[in-house]
$ cat coords21.pdb   # PDB, C-alpha atoms, pLDDT in the B column
ATOM      1  CA  MET A 991      23.646 -19.400 110.459  1.00 83.00           C
ATOM      2  CA  ALA A 992      21.842 -20.790 113.463  1.00 87.00           C
ATOM      3  CA  ASN A 993      18.316 -21.876 114.092  1.00 79.00           C
ATOM      4  CA  THR A 994      16.127 -19.569 116.179  1.00 75.00           C
ATOM      5  CA  GLN A 995      13.186 -20.625 118.280  1.00 75.00           C
ATOM      6  CA  ALA A 996      10.153 -18.588 117.257  1.00 76.00           C
ATOM      7  CA  LEU A 997       6.417 -18.498 116.839  1.00 82.00           C
ATOM      8  CA  CYS A 998       6.195 -18.167 113.066  1.00 84.00           C
ATOM      9  CA  GLY A 999       4.975 -14.842 111.724  1.00 87.00           C
ATOM     10  CA  SER A1000       2.831 -16.546 109.117  1.00 88.00           C
ATOM     11  CA  PHE A1001       1.085 -18.526 111.867  1.00 87.00           C
ATOM     12  CA  LYS A1002       0.074 -15.319 113.615  1.00 88.00           C
ATOM     13  CA  SER A1003      -1.799 -13.941 110.654  1.00 89.00           C
ATOM     14  CA  GLU A1004      -3.163 -17.391 109.799  1.00 91.00           C
ATOM     15  CA  VAL A1005      -4.661 -17.593 113.282  1.00 91.00           C
ATOM     16  CA  LEU A1006      -6.560 -14.419 112.452  1.00 91.00           C
ATOM     17  CA  LEU A1007      -7.593 -15.984 109.155  1.00 89.00           C
ATOM     18  CA  GLY A1008      -8.826 -19.142 110.876  1.00 88.00           C
ATOM     19  CA  ALA A1009      -6.415 -21.377 108.994  1.00 86.00           C
ATOM     20  CA  HIS A1010      -5.403 -23.456 112.023  1.00 89.00           C
ATOM     21  CA  GLN A1011      -7.651 -25.514 114.259  1.00 86.00           C
ATOM     22  CA  LEU A1012      -5.711 -26.907 117.215  1.00 86.00           C
ATOM     23  CA  GLY A1013      -8.721 -28.073 119.167  1.00 90.00           C
ATOM     24  CA  THR A1014     -12.408 -28.713 118.829  1.00 89.00           C
ATOM     25  CA  VAL A1015     -14.782 -25.794 118.813  1.00 87.00           C
ATOM     26  CA  THR A1016     -18.429 -25.382 117.997  1.00 89.00           C
ATOM     27  CA  ILE A1017     -18.895 -22.775 115.322  1.00 89.00           C
ATOM     28  CA  VAL A1018     -21.821 -21.498 113.322  1.00 90.00           C
ATOM     29  CA  SER A1019     -21.796 -23.426 110.063  1.00 86.00           C
ATOM     30  CA  ARG A1020     -20.078 -21.767 107.143  1.00 87.00           C
ATOM     31  CA  THR A1021     -21.068 -22.339 103.559  1.00 85.00           C
ATOM     32  CA  SER A1022     -17.802 -24.064 102.689  1.00 88.00           C
ATOM     33  CA  LEU A1023     -15.294 -25.964 104.770  1.00 86.00           C
ATOM     34  CA  THR A1024     -12.440 -25.407 102.352  1.00 89.00           C
ATOM     35  CA  ALA A1025     -13.144 -21.801 101.357  1.00 89.00           C
ATOM     36  CA  PRO A1026     -15.338 -20.333 104.095  1.00 88.00           C
ATOM     37  CA  THR A1027     -16.691 -16.839 103.729  1.00 90.00           C
ATOM     38  CA  THR A1028     -15.464 -14.074 106.029  1.00 92.00           C
ATOM     39  CA  ASP A1029     -17.422 -13.704 109.243  1.00 94.00           C
ATOM     40  CA  SER A1030     -19.393 -10.523 109.869  1.00 95.00           C
ATOM     41  CA  LEU A1031     -18.153  -8.247 112.622  1.00 96.00           C
ATOM     42  CA  LYS A1032     -19.980  -5.562 114.567  1.00 97.00           C
ATOM     43  CA  ALA A1033     -19.020  -2.691 116.835  1.00 97.00           C
ATOM     44  CA  ALA A1034     -21.072  -1.771 119.899  1.00 97.00           C
ATOM     45  CA  LEU A1035     -20.558   1.250 122.151  1.00 97.00           C
ATOM     46  CA  TYR A1036     -20.494   1.009 125.939  1.00 97.00           C
ATOM     47  CA  LEU A1037     -21.042   3.435 128.774  1.00 97.00           C
ATOM     48  CA  ALA A1038     -18.075   4.745 130.704  1.00 96.00           C
ATOM     49  CA  SER A1039     -19.609   3.088 133.759  1.00 95.00           C
ATOM     50  CA  GLY A1040     -19.319  -0.370 132.184  1.00 95.00           C
ATOM     51  CA  SER A1041     -16.821  -3.057 133.100  1.00 94.00           C
ATOM     52  CA  LEU A1042     -15.738  -4.610 129.821  1.00 93.00           C
ATOM     53  CA  GLY A1043     -12.203  -5.893 129.453  1.00 92.00           C
ATOM     54  CA  ALA A1044     -10.102  -8.978 128.908  1.00 91.00           C
ATOM     55  CA  GLY A1045     -12.770 -11.083 130.593  1.00 92.00           C
ATOM     56  CA  THR A1046     -15.432 -10.114 128.064  1.00 92.00           C
ATOM     57  CA  THR A1047     -16.320 -13.184 126.025  1.00 93.00           C
ATOM     58  CA  ALA A1048     -19.270 -12.045 123.929  1.00 94.00           C
ATOM     59  CA  TYR A1049     -21.459  -9.092 123.066  1.00 96.00           C
ATOM     60  CA  SER A1050     -23.936  -8.184 125.789  1.00 96.00           C
ATOM     61  CA  ALA A1051     -26.462  -5.387 126.023  1.00 97.00           C
ATOM     62  CA  THR A1052     -25.427  -4.751 129.628  1.00 96.00           C
ATOM     63  CA  SER A1053     -23.899  -1.254 129.843  1.00 96.00           C
ATOM     64  CA  GLU A1054     -24.396  -0.707 126.117  1.00 97.00           C
ATOM     65  CA  VAL A1055     -25.308   2.836 125.144  1.00 98.00           C
ATOM     66  CA  SER A1056     -28.885   3.632 124.219  1.00 98.00           C
ATOM     67  CA  GLY A1057     -30.412   6.636 122.584  1.00 98.00           C
ATOM     68  CA  THR A1058     -32.023   8.059 119.490  1.00 97.00           C
ATOM     69  CA  GLY A1059     -30.583   6.624 116.301  1.00 98.00           C
ATOM     70  CA  TYR A1060     -28.537   3.894 117.986  1.00 98.00           C
ATOM     71  CA  SER A1061     -29.534   0.268 117.488  1.00 98.00           C
ATOM     72  CA  ALA A1062     -28.641  -2.311 120.122  1.00 98.00           C
ATOM     73  CA  GLY A1063     -25.690  -4.373 118.917  1.00 98.00           C
ATOM     74  CA  GLY A1064     -24.077  -1.428 117.181  1.00 98.00           C
ATOM     75  CA  ILE A1065     -23.027  -1.184 113.558  1.00 98.00           C
ATOM     76  CA  ALA A1066     -21.334  -3.415 111.008  1.00 98.00           C
ATOM     77  CA  VAL A1067     -17.559  -3.296 110.792  1.00 97.00           C
ATOM     78  CA  THR A1068     -16.161  -2.879 107.294  1.00 97.00           C
ATOM     79  CA  ASN A1069     -13.661  -5.674 106.859  1.00 95.00           C
ATOM     80  CA  ALA A1070     -12.261  -5.481 103.354  1.00 94.00           C
ATOM     81  CA  THR A1071      -8.636  -6.055 104.301  1.00 94.00           C
ATOM     82  CA  ALA A1072      -7.722  -9.578 105.339  1.00 94.00           C
ATOM     83  CA  PRO A1073      -5.311 -10.212 108.213  1.00 95.00           C
ATOM     84  CA  SER A1074      -1.716 -10.117 107.059  1.00 95.00           C
ATOM     85  CA  THR A1075       1.836 -10.175 108.324  1.00 95.00           C
ATOM     86  CA  SER A1076       3.984  -7.090 108.789  1.00 95.00           C
ATOM     87  CA  GLY A1077       7.485  -8.308 109.457  1.00 94.00           C
ATOM     88  CA  THR A1078       6.749 -11.147 111.870  1.00 93.00           C
ATOM     89  CA  THR A1079       3.645  -9.553 113.420  1.00 94.00           C
ATOM     90  CA  GLY A1080       0.178 -10.713 112.463  1.00 94.00           C
ATOM     91  CA  ILE A1081      -2.019  -7.662 111.975  1.00 95.00           C
ATOM     92  CA  TRP A1082      -5.619  -6.736 111.276  1.00 96.00           C
ATOM     93  CA  THR A1083      -7.517  -3.456 111.215  1.00 96.00           C
ATOM     94  CA  PRO A1084     -11.024  -2.641 109.952  1.00 96.00           C
ATOM     95  CA  SER A1085     -10.817  -1.073 106.511  1.00 96.00           C
ATOM     96  CA  ALA A1086     -13.085   1.883 107.292  1.00 97.00           C
ATOM     97  CA  SER A1087     -13.985   4.160 110.173  1.00 98.00           C
ATOM     98  CA  LEU A1088     -16.839   3.212 112.482  1.00 98.00           C
ATOM     99  CA  VAL A1089     -19.520   5.862 111.970  1.00 98.00           C
ATOM    100  CA  TYR A1090     -22.635   6.194 114.140  1.00 98.00           C
ATOM    101  CA  THR A1091     -24.700   8.685 112.193  1.00 98.00           C
ATOM    102  CA  THR A1092     -27.354  11.013 113.625  1.00 97.00           C
ATOM    103  CA  VAL A1093     -27.438   9.692 117.150  1.00 98.00           C
ATOM    104  CA  THR A1094     -28.119  11.180 120.538  1.00 98.00           C
ATOM    105  CA  LEU A1095     -26.177   9.484 123.313  1.00 98.00           C
ATOM    106  CA  THR A1096     -26.476  11.596 126.423  1.00 97.00           C
ATOM    107  CA  THR A1097     -24.795   9.251 128.894  1.00 97.00           C
ATOM    108  CA  ALA A1098     -21.020   9.275 128.663  1.00 97.00           C
ATOM    109  CA  PHE A1099     -19.471   6.370 126.756  1.00 97.00           C
ATOM    110  CA  ASP A1100     -15.823   5.472 126.286  1.00 96.00           C
ATOM    111  CA  THR A1101     -15.623   1.959 124.873  1.00 95.00           C
ATOM    112  CA  VAL A1102     -16.249   0.057 121.671  1.00 96.00           C
ATOM    113  CA  LEU A1103     -16.470  -3.740 121.541  1.00 95.00           C
ATOM    114  CA  ILE A1104     -15.580  -5.410 118.248  1.00 95.00           C
ATOM    115  CA  TYR A1105     -17.276  -8.778 118.048  1.00 95.00           C
ATOM    116  CA  ASN A1106     -18.055 -11.589 115.627  1.00 95.00           C
ATOM    117  CA  SER A1107     -21.762 -11.496 114.883  1.00 94.00           C
ATOM    118  CA  THR A1108     -21.523 -14.590 112.694  1.00 93.00           C
ATOM    119  CA  GLN A1109     -20.002 -16.720 115.446  1.00 93.00           C
ATOM    120  CA  SER A1110     -22.472 -16.294 118.302  1.00 93.00           C
ATOM    121  CA  ASN A1111     -21.364 -12.710 118.976  1.00 95.00           C
ATOM    122  CA  ARG A1112     -17.972 -13.825 120.293  1.00 94.00           C
ATOM    123  CA  ALA A1113     -15.857 -10.934 121.537  1.00 94.00           C
ATOM    124  CA  ILE A1114     -12.701  -9.901 119.704  1.00 94.00           C
ATOM    125  CA  GLY A1115     -11.434  -6.713 121.321  1.00 93.00           C
ATOM    126  CA  VAL A1116     -12.363  -3.983 123.778  1.00 93.00           C
ATOM    127  CA  TYR A1117     -11.048  -0.533 122.874  1.00 94.00           C
ATOM    128  CA  THR A1118     -11.337   2.543 125.046  1.00 94.00           C
ATOM    129  CA  PHE A1119     -11.102   6.239 124.210  1.00 94.00           C
ATOM    130  CA  GLY A1120     -11.825   9.543 125.872  1.00 95.00           C
ATOM    131  CA  SER A1121     -15.352   9.753 127.267  1.00 96.00           C
ATOM    132  CA  GLN A1122     -17.909  11.261 124.859  1.00 97.00           C
ATOM    133  CA  THR A1123     -21.547  12.255 124.519  1.00 98.00           C
ATOM    134  CA  ILE A1124     -23.321  12.990 121.243  1.00 98.00           C
ATOM    135  CA  THR A1125     -26.271  15.307 120.679  1.00 98.00           C
ATOM    136  CA  ALA A1126     -28.106  14.965 117.354  1.00 98.00           C
ATOM    137  CA  GLY A1127     -24.733  14.351 115.753  1.00 98.00           C
ATOM    138  CA  THR A1128     -22.294  11.765 114.498  1.00 98.00           C
ATOM    139  CA  PHE A1129     -19.720   9.739 116.361  1.00 98.00           C
ATOM    140  CA  THR A1130     -16.820   8.673 114.196  1.00 98.00           C
ATOM    141  CA  LEU A1131     -14.085   6.299 115.285  1.00 97.00           C
ATOM    142  CA  THR A1132     -11.221   6.280 112.815  1.00 97.00           C
ATOM    143  CA  MET A1133      -8.943   3.274 112.796  1.00 97.00           C
ATOM    144  CA  PRO A1134      -5.193   3.359 113.303  1.00 96.00           C
ATOM    145  CA  THR A1135      -2.683   2.579 110.568  1.00 96.00           C
ATOM    146  CA  ASN A1136      -2.639  -1.108 109.723  1.00 96.00           C
ATOM    147  CA  ASP A1137       0.986  -1.882 110.499  1.00 96.00           C
ATOM    148  CA  ALA A1138       3.006  -3.844 113.050  1.00 95.00           C
ATOM    149  CA  THR A1139       2.988  -1.127 115.703  1.00 94.00           C
ATOM    150  CA  HIS A1140      -0.414   0.486 115.212  1.00 95.00           C
ATOM    151  CA  ALA A1141      -2.904  -2.085 113.869  1.00 95.00           C
ATOM    152  CA  LEU A1142      -6.072  -2.687 115.820  1.00 94.00           C
ATOM    153  CA  ILE A1143      -4.908  -6.260 116.449  1.00 94.00           C
ATOM    154  CA  GLN A1144      -1.204  -7.020 116.606  1.00 94.00           C
ATOM    155  CA  LEU A1145       0.021 -10.538 117.301  1.00 92.00           C
ATOM    156  CA  ALA A1146       3.713  -9.948 117.869  1.00 92.00           C
TER
ATOM    157  CA  MET B 538     -34.509  26.825 114.392  1.00 61.00           C
ATOM    158  CA  GLU B 539     -32.985  30.174 113.548  1.00 66.00           C
ATOM    159  CA  THR B 540     -29.509  29.136 112.465  1.00 70.00           C
ATOM    160  CA  SER B 541     -28.102  32.674 112.603  1.00 77.00           C
ATOM    161  CA  LYS B 542     -28.324  32.479 116.396  1.00 87.00           C
ATOM    162  CA  LEU B 543     -26.251  29.331 116.560  1.00 93.00           C
ATOM    163  CA  ALA B 544     -22.810  29.547 118.080  1.00 96.00           C
ATOM    164  CA  TYR B 545     -20.132  27.159 116.837  1.00 96.00           C
ATOM    165  CA  ARG B 546     -17.485  25.609 119.031  1.00 96.00           C
ATOM    166  CA  GLU B 547     -14.724  23.204 118.089  1.00 98.00           C
ATOM    167  CA  THR B 548     -12.472  21.441 120.578  1.00 97.00           C
ATOM    168  CA  LYS B 549      -9.383  19.474 119.625  1.00 98.00           C
ATOM    169  CA  THR B 550      -7.483  17.224 121.998  1.00 97.00           C
ATOM    170  CA  GLU B 551      -4.645  14.811 121.437  1.00 97.00           C
ATOM    171  CA  ASP B 552      -2.598  12.407 123.485  1.00 95.00           C
ATOM    172  CA  ASN B 553      -0.454   9.397 122.696  1.00 93.00           C
ATOM    173  CA  ARG B 554      -3.485   7.142 122.214  1.00 93.00           C
ATOM    174  CA  GLU B 555      -5.957   9.234 120.235  1.00 96.00           C
ATOM    175  CA  LYS B 556      -6.757  12.475 118.491  1.00 97.00           C
ATOM    176  CA  THR B 557     -10.245  13.896 119.051  1.00 98.00           C
ATOM    177  CA  VAL B 558     -12.202  16.688 117.428  1.00 98.00           C
ATOM    178  CA  VAL B 559     -15.534  17.693 118.987  1.00 98.00           C
ATOM    179  CA  THR B 560     -17.839  20.079 117.143  1.00 98.00           C
ATOM    180  CA  GLU B 561     -20.758  21.725 118.876  1.00 98.00           C
ATOM    181  CA  TYR B 562     -23.546  24.119 117.957  1.00 97.00           C
ATOM    182  CA  LEU B 563     -25.131  26.068 120.788  1.00 97.00           C
ATOM    183  CA  LEU B 564     -28.387  27.993 120.841  1.00 94.00           C
ATOM    184  CA  ASN B 565     -28.752  30.417 123.704  1.00 92.00           C
ATOM    185  CA  GLY B 566     -25.977  28.616 125.522  1.00 91.00           C
ATOM    186  CA  LYS B 567     -27.549  25.191 125.150  1.00 94.00           C
ATOM    187  CA  VAL B 568     -25.843  22.479 123.080  1.00 96.00           C
ATOM    188  CA  VAL B 569     -28.183  21.467 120.267  1.00 97.00           C
ATOM    189  CA  HIS B 570     -25.634  19.516 118.254  1.00 97.00           C
ATOM    190  CA  ARG B 571     -22.521  17.669 119.341  1.00 98.00           C
ATOM    191  CA  SER B 572     -20.437  15.396 117.151  1.00 98.00           C
ATOM    192  CA  ALA B 573     -17.145  13.739 117.964  1.00 98.00           C
ATOM    193  CA  HIS B 574     -14.449  12.284 115.736  1.00 98.00           C
ATOM    194  CA  VAL B 575     -11.949  10.086 117.549  1.00 98.00           C
ATOM    195  CA  THR B 576      -8.907   8.801 115.677  1.00 97.00           C
ATOM    196  CA  LEU B 577      -7.246   5.871 117.398  1.00 96.00           C
ATOM    197  CA  LYS B 578      -3.478   5.893 117.095  1.00 96.00           C
ATOM    198  CA  GLU B 579      -2.877   2.269 117.963  1.00 93.00           C
ATOM    199  CA  GLY B 580      -4.672  -0.953 118.670  1.00 93.00           C
ATOM    200  CA  ILE B 581      -3.889  -3.808 121.017  1.00 87.00           C
ATOM    201  CA  GLY B 582      -0.731  -5.845 120.793  1.00 87.00           C
ATOM    202  CA  ILE B 583      -0.448  -9.405 121.997  1.00 83.00           C
ATOM    203  CA  GLU B 584       2.884 -11.104 122.264  1.00 85.00           C
ATOM    204  CA  GLY B 585       2.930 -14.754 121.406  1.00 81.00           C
ATOM    205  CA  VAL B 586       5.098 -16.673 123.860  1.00 81.00           C
ATOM    206  CA  LEU B 587       6.679 -19.898 122.748  1.00 83.00           C
ATOM    207  CA  GLY B 588       7.260 -22.616 125.296  1.00 84.00           C
ATOM    208  CA  ARG B 589      10.484 -24.576 125.553  1.00 80.00           C
ATOM    209  CA  ILE B 590      11.077 -28.194 124.777  1.00 82.00           C
ATOM    210  CA  GLY B 591      13.261 -29.951 127.303  1.00 75.00           C
TER
END

$ encode --input "coords21.pdb" --output "structure tokens"
Amino acid sequence: MANTQALCGSFKSEVLLGAHQLGTVTIVSRTSLTAPTTDSLKAALYLASGSLGAGTTAYSATSEVSGTGYSAGGIAVTNATAPSTSGTTGIWTPSASLVYTTVTLTTAFDTVLIYNSTQSNRAIGVYTFGSQTITAGTFTLTMPTNDATHALIQLA
Amino acid sequence: METSKLAYRETKTEDNREKTVVTEYLLNGKVVHRSAHVTLKEGIGIEGVLGRIG
């Protein structure tokens, strides 16, 4: 047996859980320091003409879709499944589809931003898909399987 | 709206990143309802890189 240099799998999921604090950061106060409640996440849709990406740091209304039935900032993300480890990969996926019900979005959109609405709207991930428009209908975004190769966030 | 005049159209597309089903209702050739259901096949992977000591 030999030792192997590695970033520990447990650390990866614990980063997603907020268990480690390796530097100072200003956060919105949580009700408990030892057993903080889960932050609330939201999902906002963006026009295909937008420029979101790795440089996106927080939710912004710039390039966000607008139309009947859609509220700026998007919808709440259902987060009933805590981050976990699959093998040595830290994983997390929303526990339900994102559903924008009875909306009219006539300008093409192709992006959803998942962000932390509890912590000053800090950005988590930018996900793109085929460009869509919706007319008096529903836009549903179903999440991938929550495993090491498909989860919405994979820290490998 | 006279629903008997509505035409229904369903379009399915799939690639390695997503599966999409678009349903439309048209009245006299004009789209009066359009819904889309996109199923993402995978999220974003980040590889943690460990530095070396010495």

$ resolve_selection --input "coords21.pdb" --expression "the ChimeraX specification (/B :<6) & /A" --output "PDB file with C-alpha atoms, keeping the file's coordinate frame"
ATOM      1  CA  ILE A1124     -23.321  12.990 121.243  1.00 98.00           C
ATOM      2  CA  THR A1125     -26.271  15.307 120.679  1.00 98.00           C
ATOM      3  CA  ALA A1126     -28.106  14.965 117.354  1.00 98.00           C
ATOM      4  CA  GLY A1127     -24.733  14.351 115.753  1.00 98.00           C
ATOM      5  CA  THR A1128     -22.294  11.765 114.498  1.00 98.00           C
ATOM      6  CA  PHE A1129     -19.720   9.739 116.361  1.00 98.00           C
ATOM      7  CA  THR A1130     -16.820   8.673 114.196  1.00 98.00           C
ATOM      8  CA  LEU A1131     -14.085   6.299 115.285  1.00 97.00           C
ATOM      9  CA  THR A1132     -11.221   6.280 112.815  1.00 97.00           C
ATOM     10  CA  MET A1133      -8.943   3.274 112.796  1.00 97.00           C
ATOM     11  CA  PRO A1134      -5.193   3.359 113.303  1.00 96.00           C
ATOM     12  CA  HIS A1140      -0.414   0.486 115.212  1.00 95.00           C
ATOM     13  CA  ALA A1141      -2.904  -2.085 113.869  1.00 95.00           C
ATOM     14  CA  LEU A1142      -6.072  -2.687 115.820  1.00 94.00           C
ATOM     15  CA  ILE A1143      -4.908  -6.260 116.449  1.00 94.00           C
ATOM     16  CA  GLN A1144      -1.204  -7.020 116.606  1.00 94.00           C
ATOM     17  CA  LEU A1145       0.021 -10.538 117.301  1.00 92.00           C
ATOM     18  CA  ALA A1146       3.713  -9.948 117.869  1.00 92.00           C
TER      19      ALA A1146
END

$ resolve_selection --input "coords21.pdb" --expression "the PyMOL selection byres ((chain A and resi 1076-1082) around 8)" --output "ChimeraX atom specification"
/A:998-1004,1006,1071-1075,1083-1084,1136-1138,1141-1146

$ closest_residue --input "coords21.pdb" --among "A:Ser1085, A:Ser1039, A:Ser1022, A:Ser1107" --to "Asn1069 of chain A" --atoms "only C-alpha atoms"
A:Ser1085

$ residues_around --input "coords21.pdb" --residues "Thr1108 of chain A" --least-positions-apart "6" --cutoff "8 Å" --atoms "only C-alpha atoms" --output "number ranges by chain"
A: 1018, 1029-1031

$ atom_distance --input "coords21.pdb" --atom1 "atom CA of Gln995 of chain A" --atom2 "atom CA of Ile590 of chain B"
10.2 Å

$ decode --input "coords21.pdb" --residues "segment 1127-1140 of chain A" --atoms "N, CA, C and O atoms" --output "compact mmCIF listing (two decimals), in the first residue's frame"
# COMPACT_ATOMS: atom_id res chain seq x y z
N GLY A 1127 -47.35 29.73 -22.44
CA GLY A 1127 -47.07 28.33 -22.13
C GLY A 1127 -46.13 28.19 -20.95
O GLY A 1127 -45.96 29.11 -20.15
N THR A 1128 -45.55 27.02 -20.84
CA THR A 1128 -44.69 26.69 -19.70
C THR A 1128 -43.30 26.30 -20.19
O THR A 1128 -43.18 25.54 -21.16
N PHE A 1129 -42.30 26.82 -19.52
CA PHE A 1129 -40.94 26.39 -19.81
C PHE A 1129 -40.47 25.54 -18.64
O PHE A 1129 -40.45 25.99 -17.50
N THR A 1130 -40.09 24.33 -18.95
CA THR A 1130 -39.64 23.39 -17.93
C THR A 1130 -38.19 22.99 -18.20
O THR A 1130 -37.84 22.63 -19.33
N LEU A 1131 -37.38 23.09 -17.17
CA LEU A 1131 -35.98 22.68 -17.28
C LEU A 1131 -35.77 21.54 -16.28
O LEU A 1131 -35.75 21.77 -15.06
N THR A 1132 -35.65 20.34 -16.81
CA THR A 1132 -35.48 19.17 -15.95
C THR A 1132 -34.00 18.91 -15.70
O THR A 1132 -33.17 19.01 -16.62
N MET A 1133 -33.71 18.60 -14.46
CA MET A 1133 -32.31 18.46 -14.03
C MET A 1133 -31.72 17.10 -14.43
O MET A 1133 -32.45 16.12 -14.57
N PRO A 1134 -30.42 17.07 -14.59
CA PRO A 1134 -29.77 15.79 -14.90
C PRO A 1134 -29.74 14.87 -13.68
O PRO A 1134 -30.05 15.29 -12.56
N THR A 1135 -29.33 13.65 -13.90
CA THR A 1135 -29.18 12.69 -12.80
C THR A 1135 -28.10 13.17 -11.84
O THR A 1135 -27.05 13.67 -12.27
N ASN A 1136 -28.38 13.02 -10.56
CA ASN A 1136 -27.43 13.51 -9.56
C ASN A 1136 -26.36 12.46 -9.26
O ASN A 1136 -26.37 11.78 -8.23
N ASP A 1137 -25.42 12.31 -10.20
CA ASP A 1137 -24.32 11.38 -9.97
C ASP A 1137 -23.00 12.03 -10.43
O ASP A 1137 -22.99 13.18 -10.88
N ALA A 1138 -21.92 11.28 -10.31
CA ALA A 1138 -20.59 11.85 -10.51
C ALA A 1138 -20.33 12.35 -11.92
O ALA A 1138 -19.44 13.18 -12.14
N THR A 1139 -21.07 11.88 -12.89
CA THR A 1139 -20.82 12.30 -14.27
C THR A 1139 -21.93 13.16 -14.86
O THR A 1139 -21.79 13.65 -15.98
N HIS A 1140 -23.02 13.34 -14.14
CA HIS A 1140 -24.13 14.10 -14.69
C HIS A 1140 -24.61 15.26 -13.82
O HIS A 1140 -25.34 16.13 -14.29
